[in-house]
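The structure under discussion appears below in the form of structure tokens.
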Amino acid sequence: MTTWNLNGTKHHVLICNGSSCMRKGGEEATQAIRNKVTELDLDETVHTTRTRCNGRCKDAPVAIVYPSGDWYKQVTETVAHRIVKEHLAGGCSIKESLIYECDQNGFVSPENSDSIEGIDKVKSNA
């Protein structure tokens with residue numbers, strides 16, 4: 001296993017490779033992101049990691065960008081290239097592909113999101 005020196009890394013992209021994401025193009029999304037990072041010479045500032053399930057199977061395949069905390073849905077090759085060019089290199093998230101953004105209150109769905117809300121992780125005692 002490789003131990004990377006991440007000093008100078010500006011973005012960490014977590015790409016879901018769980019079973020639902022893999023059935024819906026997770027491998028292609030992973031390769032598209034990694035290839036575009038290399039093509040744009042961003043390897044020194046962008047680190048990618050394959051993950052297992054991130055709990056948003058209905059939105060598969062999913063990619064998460066840190067430190068911004070943006071969650072992207074249905075990452076096709078086209079969306080993957082846009083994430084790298086527009087978000088990682090350009091600093092602008094792809095609003096129409098967001099499931100969540102992170103703000104001072106934590107993760108929030110963007111206005112006009114068509115993603116399903118999902119099941120609450122904590123049940124209310126009310």
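Every chain in the structure tokens takes a letter, A first, then B, and so on in the order presented; its residues are numbered from 1, and the ligands are numbered from 1 following the presented order.
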*asked:* as a PyMOL selection string, please: every residue in stretch 32-84 of chain A that a backbone DSSP assignment puts in strand (DSSP E).
replied: chain A and resi 46-51+63-66+70-72
Keeping only N, CA, C and O atoms, write those residues as an mmCIF file, in the first residue's frame.
data_model
loop_
_atom_site.group_PDB
_atom_site.id
_atom_site.type_symbol
_atom_site.label_atom_id
_atom_site.label_comp_id
_atom_site.auth_asym_id
_atom_site.auth_seq_id
_atom_site.Cartn_x
_atom_site.Cartn_y
_atom_site.Cartn_z
ATOM 1 N N VAL A 46 -4.933 17.517 -5.955
ATOM 2 C CA VAL A 46 -6.171 16.749 -5.817
ATOM 3 C C VAL A 46 -5.823 15.302 -5.490
ATOM 4 O O VAL A 46 -5.043 14.670 -6.196
ATOM 5 N N HIS A 47 -6.426 14.809 -4.414
ATOM 6 C CA HIS A 47 -6.263 13.404 -4.024
ATOM 7 C C HIS A 47 -7.614 12.721 -4.163
ATOM 8 O O HIS A 47 -8.648 13.290 -3.792
ATOM 9 N N THR A 48 -7.641 11.523 -4.736
ATOM 10 C CA THR A 48 -8.890 10.783 -4.886
ATOM 11 C C THR A 48 -8.817 9.490 -4.082
ATOM 12 O O THR A 48 -7.749 8.888 -3.944
ATOM 13 N N THR A 49 -9.976 9.093 -3.562
ATOM 14 C CA THR A 49 -10.081 7.852 -2.799
ATOM 15 C C THR A 49 -11.358 7.133 -3.189
ATOM 16 O O THR A 49 -12.424 7.749 -3.229
ATOM 17 N N ARG A 50 -11.239 5.851 -3.486
ATOM 18 C CA ARG A 50 -12.420 5.010 -3.693
ATOM 19 C C ARG A 50 -12.963 4.670 -2.310
ATOM 20 O O ARG A 50 -12.207 4.306 -1.424
ATOM 21 N N THR A 51 -14.283 4.773 -2.155
ATOM 22 C CA THR A 51 -14.895 4.394 -0.893
ATOM 23 C C THR A 51 -15.852 3.237 -1.132
ATOM 24 O O THR A 51 -16.126 2.879 -2.274
ATOM 25 N N ALA A 63 -20.026 11.235 -5.721
ATOM 26 C CA ALA A 63 -18.668 11.712 -5.431
ATOM 27 C C ALA A 63 -18.790 12.862 -4.435
ATOM 28 O O ALA A 63 -19.706 13.683 -4.534
ATOM 29 N N ILE A 64 -17.874 12.907 -3.483
ATOM 30 C CA ILE A 64 -17.884 13.926 -2.439
ATOM 31 C C ILE A 64 -16.563 14.676 -2.505
ATOM 32 O O ILE A 64 -15.492 14.065 -2.544
ATOM 33 N N VAL A 65 -16.645 16.011 -2.519
ATOM 34 C CA VAL A 65 -15.451 16.847 -2.613
ATOM 35 C C VAL A 65 -15.224 17.566 -1.286
ATOM 36 O O VAL A 65 -16.120 18.239 -0.774
ATOM 37 N N TYR A 66 -14.030 17.381 -0.736
ATOM 38 C CA TYR A 66 -13.620 18.104 0.467
ATOM 39 C C TYR A 66 -12.430 18.976 0.126
ATOM 40 O O TYR A 66 -11.686 18.652 -0.786
ATOM 41 N N ASP A 70 -19.101 19.187 -0.678
ATOM 42 C CA ASP A 70 -20.127 19.073 -1.714
ATOM 43 C C ASP A 70 -20.298 17.612 -2.128
ATOM 44 O O ASP A 70 -19.322 16.935 -2.443
ATOM 45 N N TRP A 71 -21.555 17.156 -2.137
ATOM 46 C CA TRP A 71 -21.904 15.793 -2.541
ATOM 47 C C TRP A 71 -22.529 15.856 -3.919
ATOM 48 O O TRP A 71 -23.526 16.564 -4.111
ATOM 49 N N TYR A 72 -21.981 15.112 -4.868
ATOM 50 C CA TYR A 72 -22.493 15.085 -6.240
ATOM 51 C C TYR A 72 -23.195 13.773 -6.530
ATOM 52 O O TYR A 72 -22.747 12.721 -6.102
#
*Residue neighbourhood stretch 91-94 of chain A, 10 Å, only C-alpha atoms, exclusion window fewer than 2 positions, as an MDAnalysis selection string*: chainID A and resid 65 68 70:72 79 82:89 96:98 101
*asked:* Can you measure atom CA of A:Val122 to atom CA of A:His12 for me? One decimal in Å is fine.
replied: 27.5 Å
*asked:* As an exercise, work out the distance from atom CA of A:Glu28 to atom CA of A:Thr76 in Å and give it to one decimal place.
replied: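 Separation of atom CA of A:Glu28 and atom CA of A:Thr76: 7.5 Å.
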*Name all residues at most 7 Å from A:His81 (count only C-alpha atoms; drop same-chain ones fewer than 4 positions away) and give them as an NGL selection string.*
:A and (32-33 or 36 or 77 or 85)
*Enter the distance from atom CA of A:Val13 to atom CA of A:Cys102, in Å, rounded to one decimal.*
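Atom-to-atom, atom CA of A:Val13 to atom CA of A:Cys102, that is 14.7 Å.
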Please identify all polymer residues within 6 Å of A:Thr9, counting only C-alpha atoms, omitting same-chain residues fewer than 2 positions from it, and present them as a tab-separated table (two decimals) with all heavy atoms, in the first residue's frame.
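part.tsv, written as the output of this step:
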chain	number	residue	atom	x	y	z
A	6	LEU	N	0.42	14.20	1.61
A	6	LEU	CA	-0.68	15.05	1.15
A	6	LEU	C	-0.44	16.53	1.41
A	6	LEU	O	-1.35	17.35	1.23
A	6	LEU	CB	-2.00	14.59	1.80
A	6	LEU	CG	-2.42	13.17	1.44
A	6	LEU	CD1	-3.70	12.79	2.17
A	6	LEU	CD2	-2.59	13.00	-0.06
A	7	ASN	N	0.77	16.91	1.82
A	7	ASN	CA	1.07	18.33	1.98
A	7	ASN	C	0.84	19.04	0.65
A	7	ASN	O	1.28	18.57	-0.40
A	7	ASN	CB	2.53	18.55	2.42
A	7	ASN	CG	2.76	18.15	3.85
A	7	ASN	OD1	1.86	18.23	4.68
A	7	ASN	ND2	3.96	17.69	4.14
A	11	HIS	N	-7.78	19.51	-2.44
A	11	HIS	CA	-9.08	18.84	-2.54
A	11	HIS	C	-8.91	17.33	-2.36
A	11	HIS	O	-7.94	16.76	-2.84
A	11	HIS	CB	-9.71	19.07	-3.92
A	11	HIS	CG	-9.93	20.49	-4.26
A	11	HIS	ND1	-10.98	21.24	-3.75
A	11	HIS	CD2	-9.24	21.33	-5.06
A	11	HIS	CE1	-10.92	22.47	-4.23
A	11	HIS	NE2	-9.87	22.54	-5.02
A	45	THR	N	-2.44	18.63	-6.30
A	45	THR	CA	-3.39	19.34	-5.43
A	45	THR	C	-4.71	18.61	-5.22
A	45	THR	O	-5.52	19.03	-4.40
A	45	THR	CB	-3.69	20.75	-5.99
A	45	THR	OG1	-4.26	20.62	-7.30
A	45	THR	CG2	-2.44	21.61	-6.04
A	46	VAL	N	-4.93	17.52	-5.95
A	46	VAL	CA	-6.17	16.75	-5.82
A	46	VAL	C	-5.82	15.30	-5.49
A	46	VAL	O	-5.04	14.67	-6.20
A	46	VAL	CB	-7.02	16.81	-7.11
A	46	VAL	CG1	-8.25	15.92	-6.98
A	46	VAL	CG2	-7.41	18.24	-7.45
*DSSP-assigned helix (DSSP H, G or I) among stretch 18-62 of chain A, expressed as an NGL selection string*: :A and (19-23 or 26-39 or 57-59)
